[in-house]
$ cat structure_2.tsv   # TSV, C-alpha atoms
chain	number	residue	atom	x	y	z
A	241	MET	CA	9.95	-2.54	25.09
A	242	ARG	CA	12.34	-1.64	22.29
A	243	ILE	CA	10.99	-1.09	18.78
A	244	GLY	CA	13.29	-0.94	15.78
A	245	LEU	CA	12.20	1.54	13.11
A	246	LEU	CA	13.69	1.23	9.62
A	247	THR	CA	13.39	4.31	7.39
A	248	ASP	CA	15.18	5.33	4.21
A	249	CYS	CA	17.72	7.98	5.17
A	250	ARG	CA	19.63	7.62	1.90
A	251	GLY	CA	18.80	6.90	-1.72
A	252	ILE	CA	15.91	8.03	-3.91
A	253	PHE	CA	13.29	7.87	-1.15
A	254	SER	CA	15.36	9.66	1.51
A	255	GLY	CA	13.48	12.87	0.79
A	256	TYR	CA	10.45	11.22	2.39
A	257	GLU	CA	12.20	10.21	5.61
A	258	ASP	CA	10.46	12.85	7.74
A	259	GLU	CA	7.12	11.57	6.47
A	260	MET	CA	8.07	7.98	7.37
A	261	LEU	CA	9.13	9.05	10.86
A	262	ALA	CA	6.03	11.18	11.36
A	263	GLY	CA	3.75	8.34	10.32
A	264	ALA	CA	5.40	5.96	12.77
A	265	GLU	CA	5.52	8.47	15.62
A	266	LEU	CA	1.92	9.67	15.41
A	267	PRO	CA	0.42	6.56	17.12
A	268	LEU	CA	2.87	7.10	19.99
A	269	LEU	CA	1.95	10.78	20.27
A	270	ARG	CA	-1.73	9.79	20.46
A	271	ARG	CA	-0.84	7.81	23.56
A	272	GLY	CA	0.90	10.68	25.32
A	273	ALA	CA	4.44	10.59	23.95
A	274	ARG	CA	6.25	13.85	23.18
A	275	LEU	CA	8.42	14.95	20.28
A	276	THR	CA	11.92	15.45	21.64
A	277	ASP	CA	12.71	18.60	19.62
A	278	GLY	CA	9.45	19.31	17.85
A	279	LYS	CA	10.43	17.56	14.62
A	280	PRO	CA	10.01	13.94	13.46
A	281	SER	CA	13.77	13.50	13.10
A	282	GLY	CA	14.30	14.25	16.79
A	283	GLY	CA	12.42	11.17	17.98
A	284	VAL	CA	9.94	10.82	20.83
A	285	SER	CA	10.09	10.50	24.61
A	286	GLU	CA	7.67	9.32	27.32
A	287	ALA	CA	6.15	6.72	24.98
A	288	ARG	CA	4.07	4.00	26.67
A	289	ALA	CA	1.63	1.26	25.67
A	290	GLY	CA	0.30	-1.82	27.41
A	291	GLY	CA	1.86	-0.74	30.70
A	292	ARG	CA	5.35	-0.63	29.22
A	293	ASP	CA	7.79	2.14	28.42
A	294	LEU	CA	8.59	2.17	24.71
A	295	GLU	CA	11.86	3.12	23.07
A	296	LEU	CA	12.28	3.69	19.34
A	297	ILE	CA	15.64	2.54	17.94
A	298	ARG	CA	16.19	3.85	14.42
A	299	GLY	CA	17.82	2.07	11.53
A	300	CYS	CA	18.90	3.67	8.24
A	301	THR	CA	18.09	1.82	5.04
A	302	GLU	CA	17.97	2.47	1.29
A	303	GLU	CA	15.29	1.02	-0.97
A	304	SER	CA	16.62	-1.87	-3.13
A	305	GLU	CA	19.98	-1.95	-1.29
A	306	HIS	CA	19.38	-5.30	0.36
A	307	THR	CA	22.79	-5.61	2.01
A	308	ILE	CA	22.11	-2.42	3.97
A	309	LEU	CA	18.68	-3.70	4.98
A	310	VAL	CA	20.14	-6.97	6.26
A	311	GLU	CA	22.93	-5.21	8.17
A	312	GLU	CA	20.58	-2.72	9.83
A	313	ALA	CA	17.94	-5.30	10.73
A	314	ARG	CA	20.57	-7.60	12.22
A	315	ARG	CA	22.01	-4.70	14.23
A	316	LEU	CA	18.59	-3.85	15.61
A	317	VAL	CA	17.87	-7.44	16.62
A	318	GLU	CA	21.28	-8.76	17.64
A	319	VAL	CA	22.93	-5.65	19.09
A	320	GLU	CA	20.05	-3.40	20.16
A	321	GLY	CA	17.84	-6.29	21.29
A	322	VAL	CA	14.60	-4.93	19.86
A	323	ASP	CA	11.33	-6.79	20.41
A	324	ALA	CA	9.83	-5.71	17.10
A	325	VAL	CA	10.98	-4.21	13.80
A	326	VAL	CA	8.78	-1.79	11.83
A	327	GLY	CA	9.65	-0.61	8.35
A	328	ALA	CA	11.53	-1.63	5.22
A	329	ILE	CA	9.92	-0.01	2.18
A	330	GLY	CA	9.84	-1.45	-1.33
A	331	GLU	CA	8.71	-4.63	-3.02
A	332	SER	CA	11.96	-6.59	-3.20
A	333	ASP	CA	13.01	-5.26	0.21
A	334	SER	CA	9.86	-6.68	1.75
A	335	LEU	CA	10.76	-10.18	0.57
A	336	VAL	CA	14.21	-9.83	2.15
A	337	PHE	CA	12.43	-8.54	5.27
A	338	ARG	CA	10.33	-11.72	5.33
A	339	GLU	CA	13.41	-13.94	5.14
A	340	LEU	CA	15.05	-11.97	7.93
A	341	ALA	CA	11.94	-12.61	10.03
A	342	ARG	CA	12.42	-16.36	9.57
A	343	LYS	CA	15.91	-16.02	11.05
A	344	TYR	CA	14.50	-14.38	14.21
A	345	PRO	CA	11.19	-16.20	14.83
A	346	GLU	CA	10.61	-14.66	18.28
A	347	VAL	CA	10.91	-11.05	17.02
A	348	ILE	CA	7.89	-9.26	15.53
A	349	PHE	CA	8.34	-7.92	11.97
A	350	ILE	CA	5.81	-5.40	10.63
A	351	PRO	CA	6.47	-4.03	7.13
A	352	ALA	CA	5.49	-0.50	6.12
A	353	TRP	CA	4.90	0.56	2.50
A	354	SER	CA	6.12	-2.85	1.40
A	355	GLU	CA	3.33	-3.91	-0.91
A	356	ALA	CA	4.68	-7.02	-2.63
A	357	GLN	CA	1.93	-9.61	-2.85
A	358	GLY	CA	4.36	-12.47	-2.19
A	359	LEU	CA	5.31	-11.11	1.23
A	360	THR	CA	2.25	-12.74	2.77
A	361	LEU	CA	0.37	-14.60	-0.01
A	362	ARG	CA	3.10	-17.11	-0.82
A	363	HIS	CA	5.30	-18.76	1.84
A	364	PRO	CA	4.43	-16.33	4.66
A	365	ALA	CA	6.59	-16.08	7.77
A	366	ALA	CA	4.75	-16.72	11.03
A	367	ASN	CA	6.10	-13.57	12.72
A	368	VAL	CA	5.34	-11.08	9.90
A	369	TYR	CA	2.16	-9.01	10.25
A	370	ARG	CA	1.12	-6.58	7.53
A	371	PHE	CA	-1.59	-4.00	8.27
A	372	ASP	CA	-1.29	-2.38	4.83
A	373	THR	CA	-2.81	-3.62	1.57
A	374	ASP	CA	-0.67	-5.12	-1.16
A	375	GLU	CA	-0.57	-3.54	-4.62
A	376	ALA	CA	-3.12	-5.91	-6.09
A	377	GLN	CA	-5.58	-5.35	-3.23
A	378	ASP	CA	-5.48	-1.64	-3.95
A	379	LEU	CA	-7.17	-2.34	-7.32
A	380	ALA	CA	-10.13	-4.24	-5.84
A	381	GLY	CA	-13.39	-3.17	-7.47
A	382	LEU	CA	-11.87	-1.49	-10.53
A	383	GLY	CA	-12.34	-4.40	-12.93
A	384	SER	CA	-16.00	-4.85	-11.96
A	385	TYR	CA	-16.58	-1.08	-12.22
A	386	ALA	CA	-15.28	-1.14	-15.80
A	387	TYR	CA	-17.44	-4.16	-16.65
A	388	ARG	CA	-20.67	-3.24	-14.90
A	389	GLU	CA	-20.75	0.54	-14.68
A	390	LEU	CA	-18.86	1.51	-17.83
A	391	GLY	CA	-20.16	-1.42	-19.84
A	392	TRP	CA	-16.75	-2.58	-21.09
A	393	ARG	CA	-16.45	-6.06	-22.54
A	394	ARG	CA	-13.08	-5.61	-24.27
A	395	ALA	CA	-10.28	-3.89	-22.35
A	396	ALA	CA	-6.71	-2.90	-23.09
A	397	VAL	CA	-4.14	-2.61	-20.30
A	398	VAL	CA	-1.10	-0.31	-20.17
A	399	ALA	CA	1.15	-1.17	-17.21
A	400	ASP	CA	4.75	-0.16	-16.62
A	401	ALA	CA	7.55	-2.70	-16.13
A	402	THR	CA	7.58	-2.50	-12.34
A	403	PRO	CA	6.09	-4.71	-9.61
A	404	VAL	CA	3.40	-2.03	-9.20
A	405	GLY	CA	2.37	-2.44	-12.83
A	406	TRP	CA	2.47	-6.24	-12.67
A	407	HIS	CA	0.40	-6.47	-9.48
A	408	GLU	CA	-2.17	-3.93	-10.64
A	409	GLU	CA	-2.47	-5.59	-14.05
A	410	ALA	CA	-3.03	-8.98	-12.41
A	411	ALA	CA	-5.77	-7.58	-10.17
A	412	PHE	CA	-7.61	-5.74	-12.94
A	413	VAL	CA	-7.41	-8.66	-15.38
A	414	ALA	CA	-8.52	-11.24	-12.80
A	415	GLU	CA	-11.62	-9.29	-11.75
A	416	PHE	CA	-12.62	-8.00	-15.20
A	417	CYS	CA	-12.24	-11.37	-16.89
A	418	ALA	CA	-13.97	-13.27	-14.08
A	419	LEU	CA	-17.16	-11.43	-15.04
A	420	GLY	CA	-16.80	-12.38	-18.70
A	421	GLY	CA	-14.67	-9.53	-20.04
A	422	ASP	CA	-11.80	-9.99	-22.47
A	423	VAL	CA	-8.41	-8.28	-22.44
A	424	THR	CA	-7.63	-7.63	-26.09
A	425	ALA	CA	-4.25	-5.91	-25.72
A	426	ARG	CA	-1.57	-5.58	-23.06
A	427	PHE	CA	1.18	-2.99	-23.39
A	428	THR	CA	4.25	-2.35	-21.27
A	429	ALA	CA	4.80	1.36	-20.75
A	430	PRO	CA	6.24	3.54	-22.07
A	431	ILE	CA	4.43	3.13	-25.39
A	432	ASP	CA	4.43	5.18	-28.56
A	433	LEU	CA	0.93	6.62	-28.81
A	434	GLY	CA	1.84	7.95	-32.23
A	435	ASP	CA	2.27	4.41	-33.58
A	436	PRO	CA	-0.86	3.66	-35.67
A	437	LYS	CA	-0.91	0.01	-34.58
A	438	VAL	CA	-0.76	0.97	-30.89
A	439	ALA	CA	-3.42	3.65	-31.28
A	440	HIS	CA	-5.69	1.25	-33.17
A	441	ALA	CA	-5.37	-1.45	-30.50
A	442	LEU	CA	-6.23	1.07	-27.78
A	443	ARG	CA	-9.20	2.52	-29.67
A	444	ASP	CA	-10.45	-0.93	-30.63
A	445	ALA	CA	-11.01	-1.80	-26.96
A	446	ASP	CA	-13.99	-0.42	-25.03
A	447	GLY	CA	-11.55	1.19	-22.64
A	448	VAL	CA	-8.01	1.24	-21.25
A	449	ALA	CA	-6.69	0.58	-17.73
A	450	ALA	CA	-3.62	2.81	-17.17
A	451	LEU	CA	-1.53	1.31	-14.37
A	452	THR	CA	1.77	3.11	-13.77
A	453	PHE	CA	3.97	4.14	-10.85
A	454	GLY	CA	3.37	7.86	-11.26
A	455	GLY	CA	5.51	9.36	-14.00
A	456	LEU	CA	8.68	7.45	-13.17
A	457	PHE	CA	8.61	5.30	-16.31
A	458	VAL	CA	6.26	7.20	-18.60
A	459	PRO	CA	6.30	10.77	-19.93
A	460	PRO	CA	4.67	13.18	-17.44
A	461	GLU	CA	1.97	14.03	-20.00
A	462	PHE	CA	1.21	10.40	-20.82
A	463	LEU	CA	-2.34	10.37	-19.42
A	464	PRO	CA	-3.57	13.53	-21.20
A	465	ALA	CA	-2.06	12.16	-24.42
A	466	LEU	CA	-3.79	8.81	-23.87
A	467	ALA	CA	-7.07	10.62	-23.26
A	468	ARG	CA	-6.72	12.41	-26.60
A	469	VAL	CA	-6.15	9.10	-28.37
A	470	LEU	CA	-9.19	7.48	-26.73
A	471	GLY	CA	-11.68	10.33	-26.57
A	472	SER	CA	-14.30	10.44	-23.77
A	473	PRO	CA	-11.78	9.43	-21.08
A	474	GLU	CA	-14.40	9.49	-18.30
A	475	THR	CA	-15.97	6.38	-19.88
A	476	ARG	CA	-12.95	4.93	-21.70
A	477	MET	CA	-10.19	5.10	-19.09
A	478	VAL	CA	-9.65	3.82	-15.55
A	479	VAL	CA	-6.42	4.27	-13.57
A	480	GLY	CA	-4.40	2.60	-10.85
A	481	THR	CA	-3.47	3.64	-7.33
A	482	TYR	CA	-0.18	5.39	-8.11
A	483	VAL	CA	-1.78	7.48	-10.79
A	484	LEU	CA	-4.18	8.82	-8.15
A	485	GLU	CA	-1.73	8.79	-5.23
A	486	ASP	CA	1.41	10.01	-7.01
A	487	SER	CA	2.87	12.10	-4.17
A	488	ASN	CA	5.43	9.40	-3.21
A	489	THR	CA	6.37	8.20	-6.70
A	490	ILE	CA	9.51	10.36	-7.14
A	491	VAL	CA	8.20	11.73	-10.47
A	492	PRO	CA	4.57	12.94	-10.33
A	493	ILE	CA	2.38	12.34	-13.34
A	494	ALA	CA	-0.01	14.79	-14.96
A	495	GLY	CA	-3.39	13.75	-13.63
A	496	PRO	CA	-6.06	12.03	-15.68
A	497	PRO	CA	-8.92	14.25	-16.91
A	498	ALA	CA	-11.78	15.07	-14.56
A	499	GLY	CA	-14.35	12.31	-14.43
A	500	VAL	CA	-11.91	9.39	-14.69
A	501	VAL	CA	-12.24	6.75	-11.95
A	502	GLY	CA	-9.38	4.97	-10.23
A	503	ALA	CA	-8.82	2.62	-7.30
A	504	SER	CA	-6.97	3.21	-4.04
A	505	SER	CA	-6.75	2.02	-0.45
A	506	ILE	CA	-7.01	5.69	0.62
A	507	PRO	CA	-10.44	7.36	0.73
A	508	PRO	CA	-10.95	10.94	-0.46
A	509	ALA	CA	-9.61	13.35	2.13
A	510	ASN	CA	-12.93	14.48	3.54
A	511	ALA	CA	-14.93	11.31	2.88
A	512	THR	CA	-14.63	9.74	6.36
A	513	PRO	CA	-14.57	11.15	9.90
A	514	ALA	CA	-11.54	8.98	10.68
A	515	MET	CA	-9.49	10.49	7.87
A	516	ARG	CA	-10.50	14.03	8.82
A	517	ALA	CA	-9.48	13.35	12.43
A	518	HIS	CA	-6.17	11.86	11.29
A	519	ARG	CA	-5.35	14.94	9.23
A	520	ARG	CA	-6.12	17.22	12.20
A	521	GLU	CA	-3.90	15.15	14.52
A	522	PHE	CA	-1.09	15.08	12.00
A	523	SER	CA	-1.22	18.84	11.44
A	524	ARG	CA	-1.13	19.57	15.16
A	525	ALA	CA	1.72	17.13	15.81
A	526	PHE	CA	3.89	18.13	12.83
A	527	PRO	CA	3.22	21.77	11.89
A	528	GLY	CA	6.42	21.82	9.84
A	529	LEU	CA	5.02	19.31	7.35
A	530	PRO	CA	2.27	20.02	4.81
A	531	PRO	CA	-1.14	18.91	6.16
A	532	SER	CA	-1.74	16.99	2.94
A	533	ASP	CA	1.18	14.68	3.83
A	534	ALA	CA	-1.18	13.02	6.30
A	535	GLU	CA	-3.00	11.31	3.43
A	536	THR	CA	0.03	10.09	1.47
A	537	PRO	CA	0.74	6.36	1.09
A	538	ILE	CA	4.03	6.56	3.01
A	539	VAL	CA	2.63	8.37	6.07
A	540	LEU	CA	-0.40	6.11	6.26
A	541	ALA	CA	1.66	2.93	5.82
A	542	PHE	CA	4.00	3.78	8.71
A	543	ASN	CA	1.09	4.98	10.84
A	544	ASP	CA	-0.83	1.76	10.21
A	545	ALA	CA	2.17	-0.47	10.93
A	546	MET	CA	2.95	1.21	14.24
A	547	GLU	CA	-0.71	1.43	15.27
A	548	GLY	CA	-1.11	-2.28	14.58
A	549	LEU	CA	1.90	-3.13	16.72
A	550	LEU	CA	0.70	-0.96	19.61
A	551	ARG	CA	-2.79	-2.49	19.47
A	552	GLY	CA	-1.17	-5.88	19.89
A	553	VAL	CA	0.97	-4.63	22.77
A	554	GLU	CA	-2.12	-3.26	24.51
A	555	ALA	CA	-4.18	-6.41	23.90
A	556	SER	CA	-1.38	-8.54	25.38
A	557	ASP	CA	-0.90	-6.20	28.38
A	558	GLY	CA	2.71	-5.71	27.30
A	559	ASP	CA	3.54	-9.38	27.89
A	560	LEU	CA	6.88	-10.17	26.21
A	561	SER	CA	7.50	-13.49	27.93
A	562	ASP	CA	7.95	-16.89	26.27
A	563	GLY	CA	9.45	-15.44	23.12
A	564	ARG	CA	6.73	-12.78	22.92
A	565	GLN	CA	4.21	-15.58	22.42
A	566	ARG	CA	1.17	-13.74	23.75
A	567	LEU	CA	2.01	-10.60	21.77
A	568	ARG	CA	2.25	-12.63	18.57
A	569	GLU	CA	-1.11	-14.29	19.28
A	570	GLU	CA	-2.84	-10.98	19.97
A	571	LEU	CA	-1.38	-9.33	16.89
A	572	ALA	CA	-2.91	-12.05	14.72
A	573	ARG	CA	-6.43	-11.32	16.00
A	574	VAL	CA	-6.57	-7.55	16.55
A	575	ARG	CA	-9.39	-5.64	14.85
A	576	PHE	CA	-9.51	-1.88	14.90
A	577	ASP	CA	-10.12	1.24	12.82
A	578	LEU	CA	-7.30	2.88	10.91
A	579	PRO	CA	-7.68	6.37	9.39
A	580	SER	CA	-8.48	4.82	6.01
A	581	SER	CA	-10.43	1.68	6.98
A	582	PRO	CA	-11.32	-0.92	9.59
A	583	VAL	CA	-8.70	-3.68	9.50
A	584	ARG	CA	-8.30	-7.31	10.49
A	585	LEU	CA	-5.70	-9.89	9.52
A	586	ASP	CA	-6.32	-13.09	7.57
A	587	ARG	CA	-4.73	-16.47	8.33
A	588	ASN	CA	-1.49	-15.32	6.66
A	589	ARG	CA	-1.49	-12.21	8.88
A	590	GLN	CA	-2.26	-9.99	5.91
A	591	ALA	CA	-4.61	-7.01	6.18
A	592	VAL	CA	-8.20	-7.33	5.03
A	593	ARG	CA	-9.42	-3.77	4.48
A	594	ASN	CA	-11.82	-1.59	2.58
A	595	THR	CA	-10.57	-0.02	-0.62
A	596	TYR	CA	-12.11	2.81	-2.62
A	597	LEU	CA	-13.06	3.85	-6.12
A	598	LYS	CA	-12.52	7.58	-6.59
A	599	ARG	CA	-13.47	9.95	-9.39
A	600	VAL	CA	-11.01	12.66	-10.37
A	601	GLY	CA	-12.31	16.19	-9.96
A	602	ARG	CA	-10.70	19.59	-9.71
A	603	GLY	CA	-10.58	21.80	-6.67
A	604	GLY	CA	-8.70	25.07	-6.31
A	605	GLY	CA	-6.21	24.10	-9.01
A	606	GLN	CA	-5.31	20.90	-7.12
A	607	ARG	CA	-6.30	17.34	-7.77
A	608	ALA	CA	-9.44	16.42	-5.84
A	609	PHE	CA	-11.50	13.26	-5.61
A	610	GLN	CA	-15.10	12.21	-5.16
A	611	LEU	CA	-16.00	8.89	-3.58
A	612	VAL	CA	-17.63	6.51	-6.07
A	613	ARG	CA	-17.75	3.30	-4.08
A	614	VAL	CA	-16.43	1.63	-0.94
A	615	VAL	CA	-15.15	-1.87	-1.71
A	616	PRO	CA	-15.70	-3.81	1.54
A	617	GLU	CA	-13.12	-6.16	3.02
A	618	ALA	CA	-10.83	-6.57	0.03
A	619	GLU	CA	-8.62	-9.60	0.62
A	620	GLN	CA	-5.46	-10.38	-1.25
A	621	THR	CA	-6.41	-13.68	-2.92
A	622	PHE	CA	-9.31	-12.11	-4.87
A	623	GLY	CA	-11.40	-15.15	-3.98
A	624	GLY	CA	-8.59	-17.44	-5.14
A	625	LEU	CA	-8.13	-15.77	-8.54
A	626	LEU	CA	-4.69	-14.43	-7.60
A	627	SER	CA	-3.54	-17.11	-5.18
A	628	ASP	CA	-4.14	-19.78	-7.85
A	629	ALA	CA	-2.29	-17.80	-10.56
A	630	PRO	CA	1.46	-17.38	-11.16
A	631	SER	CA	3.32	-14.69	-9.22
A	632	PRO	CA	2.67	-11.34	-10.93
A	633	GLY	CA	4.90	-10.50	-13.87
A	634	PRO	CA	4.43	-9.01	-17.35
A	635	GLY	CA	1.20	-10.49	-18.73
A	636	SER	CA	1.20	-13.26	-16.13
A	637	GLN	CA	-2.46	-13.17	-15.09
A	638	PRO	CA	-4.65	-15.37	-17.33
A	639	CYS	CA	-7.91	-13.86	-18.58
A	640	ARG	CA	-10.66	-16.36	-17.83
A	641	LYS	CA	-14.26	-16.36	-16.69
A	642	ALA	CA	-14.57	-17.57	-13.10
A	643	THR	CA	-16.31	-16.97	-9.80
A	644	PRO	CA	-15.57	-13.30	-9.06
A	645	PRO	CA	-14.19	-12.01	-5.74
A	646	PRO	CA	-16.65	-11.64	-2.84
A	647	TRP	CA	-17.01	-7.85	-3.18
A	648	VAL	CA	-18.23	-8.26	-6.77
A	649	ARG	CA	-21.04	-10.71	-6.09

$ encode --input "structure_2.tsv" --output "structure tokens"
Amino acid sequence: MRIGLLTDCRGIFSGYEDEMLAGAELPLLRRGARLTDGKPSGGVSEARAGGRDLELIRGCTEESEHTILVEEARRLVEVEGVDAVVGAIGESDSLVFRELARKYPEVIFIPAWSEAQGLTLRHPAANVYRFDTDEAQDLAGLGSYAYRELGWRRAAVVADATPVGWHEEAAFVAEFCALGGDVTARFTAPIDLGDPKVAHALRDADGVAALTFGGLFVPPEFLPALARVLGSPETRMVVGTYVLEDSNTIVPIAGPPAGVVGASSIPPANATPAMRAHRREFSRAFPGLPPSDAETPIVLAFNDAMEGLLRGVEASDGDLSDGRQRLREELARVRFDLPSSPVRLDRNRQAVRNTYLKRVGRGGGQRAFQLVRVVPEAEQTFGGLLSDAPSPGPGSQPCRKATPPPWVR
């Protein structure tokens, strides 16, 4: 069986290529494969699953360069004859990836770190299987935490002008307002915290949801400055996934003050036996990479995508006949435990997984987290609140009282 693996070897995310490769290779190493030269970039040998020899065929992409993605995916399918394609990072890239999958309906396409909601929620392709959460799913539980635990009734939202900001804003607004909350102000970052009108609107709310892609589009000290404007940030601020998990955001952001709670699909490092075991395996397999890389969004996304594919291969006994029909059927119904959560796929072949609320602490000068709550089986429609709303964009999610998502009830 030949598996195409798309990683960014050029462009702004190329510095993370070893992490992408390591994440994808680790599930193969668990099954007895060997690193060819001891490094992720050297590839693997002796890989097997479901009674078949496996060969990884690499493709080189660049986030947001869609022509390159199309060329490399076509090469893998049409020239290399791969049975499955894993990879393609980025929101817009994932939508191109989906349309490529439609062109090759008998080939398996499994995105990695491609968190656009529309990839699977709207017009899904029958041969695309995503084992990762989308960016809105990552925020599950945060709106109800602000409403019920912090006692907010009026919230302000600061989200940057990226798909991450739009998806996270939609998720927070949908859940918070479903319970009866009101969003009194929405700002697109960066914002001038020294503007009296802006500061008044932020202070006038019970609290602020800060939803940015690390420090890429806001000043690095934005969160400490926001905390000074608000006062009591542990009760007046909540934050999004890429504030907590900023290691793959190109420009890290100064962390929120200790005590602030945020949402993520990644549990605290030592919170689960599965995550502790994953970190040990990663460290043994890739001693040249920092052990903490094991818990980054990129490593976990590629690990989860490849593990999902291999589970399907094993469940189908490596059967690739009839246009890989049995493999496609088994992929749609696999259930298993990933390092960060148990996973199953919904009818659109989108992951249903636990997500986590984490409180920021401090440990040894590094950012550390405490587990606040496990949000069970977060699914991407939010009980219909997101699937019935417009595609995420600036201020797109209506604020209205409704039946909240299942994990809130």

$ closest_residue --input "structure_2.tsv" --among "A:Ala445, A:Val469, A:Ile297, A:Ala287" --to "A:Arg393" --atoms "only C-alpha atoms"
A:Ala445

$ closest_atom_pairs --input "structure_2.tsv" --of "stretch 309-388 of chain A" --to "stretch 488-509 of chain A" --cutoff "9 Å" --atoms "all atoms listed in the file" --output "JSON lines"
{"residue": "A:Asp372", "atom": "CA", "partner": "A:Ser505", "partner_atom": "CA", "distance": 8.8}
{"residue": "A:Thr373", "atom": "CA", "partner": "A:Ser505", "partner_atom": "CA", "distance": 7.2}
{"residue": "A:Gln377", "atom": "CA", "partner": "A:Ser505", "partner_atom": "CA", "distance": 8.0}
{"residue": "A:Asp378", "atom": "CA", "partner": "A:Ser504", "partner_atom": "CA", "distance": 5.1}
{"residue": "A:Leu379", "atom": "CA", "partner": "A:Ala503", "partner_atom": "CA", "distance": 5.2}
{"residue": "A:Ala380", "atom": "CA", "partner": "A:Ala503", "partner_atom": "CA", "distance": 7.1}
{"residue": "A:Gly381", "atom": "CA", "partner": "A:Ala503", "partner_atom": "CA", "distance": 7.4}
{"residue": "A:Leu382", "atom": "CA", "partner": "A:Ala503", "partner_atom": "CA", "distance": 6.1}
{"residue": "A:Tyr385", "atom": "CA", "partner": "A:Val501", "partner_atom": "CA", "distance": 9.0}

$ closest_residue --input "structure_2.tsv" --among "A:Asp557, A:Leu463, A:Pro579, A:Ser334" --to "A:His518" --atoms "all atoms listed in the file"
A:Pro579

$ atom_distance --input "structure_2.tsv" --atom1 "atom CA of A:Ala365" --atom2 "atom CA of A:Glu303"
21.1 Å

$ closest_residue --input "structure_2.tsv" --among "A:Gly278, A:Leu309, A:Val592, A:Ala642" --to "A:Leu419" --atoms "only C-alpha atoms"
A:Ala642

$ closest_residue --input "structure_2.tsv" --among "A:Ala418, A:Gly471, A:Ala441, A:Thr402" --to "A:Val458" --atoms "only C-alpha atoms"
A:Thr402

$ residues_around --input "structure_2.tsv" --residues "A:Ala467" --least-positions-apart "5" --cutoff "10 Å" --atoms "only C-alpha atoms" --output "ChimeraX atom specification"
/A:448,462,472-474,476-477,496-497,500

$ residues_near_point --input "structure_2.tsv" --point "(-15.9, 2.3, -2.7)" --cutoff "6 Å" --atoms "all atoms listed in the file" --output "ChimeraX atom specification"
/A:596-597,612-615

$ atom_distance --input "structure_2.tsv" --atom1 "atom CA of A:Leu585" --atom2 "atom CA of A:Pro345"
18.8 Å

$ atom_distance --input "structure_2.tsv" --atom1 "atom CA of A:Ala572" --atom2 "atom CA of A:Tyr344"
17.6 Å

$ decode --input "structure_2.tsv" --residues "stretch 440-473 of chain A" --atoms "C-alpha atoms" --output "mmCIF file, in the first residue's frame"
data_model
loop_
_atom_site.group_PDB
_atom_site.id
_atom_site.type_symbol
_atom_site.label_atom_id
_atom_site.label_comp_id
_atom_site.auth_asym_id
_atom_site.auth_seq_id
_atom_site.Cartn_x
_atom_site.Cartn_y
_atom_site.Cartn_z
ATOM 1 C CA HIS A 440 -15.258 51.474 27.770
ATOM 2 C CA ALA A 441 -16.937 48.834 25.594
ATOM 3 C CA LEU A 442 -14.599 46.156 26.963
ATOM 4 C CA ARG A 443 -15.056 47.208 30.595
ATOM 5 C CA ASP A 444 -18.810 47.536 30.159
ATOM 6 C CA ALA A 445 -19.095 43.807 29.415
ATOM 7 C CA ASP A 446 -18.877 41.212 32.183
ATOM 8 C CA GLY A 447 -15.893 39.729 30.396
ATOM 9 C CA VAL A 448 -13.976 39.412 27.120
ATOM 10 C CA ALA A 449 -13.255 36.386 24.918
ATOM 11 C CA ALA A 450 -9.817 36.878 23.298
ATOM 12 C CA LEU A 451 -9.619 34.701 20.187
ATOM 13 C CA THR A 452 -6.439 35.184 18.149
ATOM 14 C CA PHE A 453 -3.968 33.092 16.160
ATOM 15 C CA GLY A 454 -1.090 33.560 18.580
ATOM 16 C CA GLY A 455 0.644 36.893 18.110
ATOM 17 C CA LEU A 456 0.582 36.879 14.312
ATOM 18 C CA PHE A 457 -1.933 39.718 14.005
ATOM 19 C CA VAL A 458 -1.802 41.364 17.423
ATOM 20 C CA PRO A 459 1.064 42.882 19.425
ATOM 21 C CA PRO A 460 2.905 40.199 21.440
ATOM 22 C CA GLU A 461 1.916 41.936 24.687
ATOM 23 C CA PHE A 462 -1.745 42.251 23.731
ATOM 24 C CA LEU A 463 -3.107 39.905 26.407
ATOM 25 C CA PRO A 464 -1.262 41.466 29.385
ATOM 26 C CA ALA A 465 -2.401 44.881 28.139
ATOM 27 C CA LEU A 466 -5.993 43.639 27.842
ATOM 28 C CA ALA A 467 -5.783 42.234 31.363
ATOM 29 C CA ARG A 468 -4.727 45.653 32.671
ATOM 30 C CA VAL A 469 -7.699 47.278 30.959
ATOM 31 C CA LEU A 470 -10.157 44.741 32.373
ATOM 32 C CA GLY A 471 -8.777 44.059 35.836
ATOM 33 C CA SER A 472 -9.325 40.647 37.490
ATOM 34 C CA PRO A 473 -8.526 38.723 34.278
#
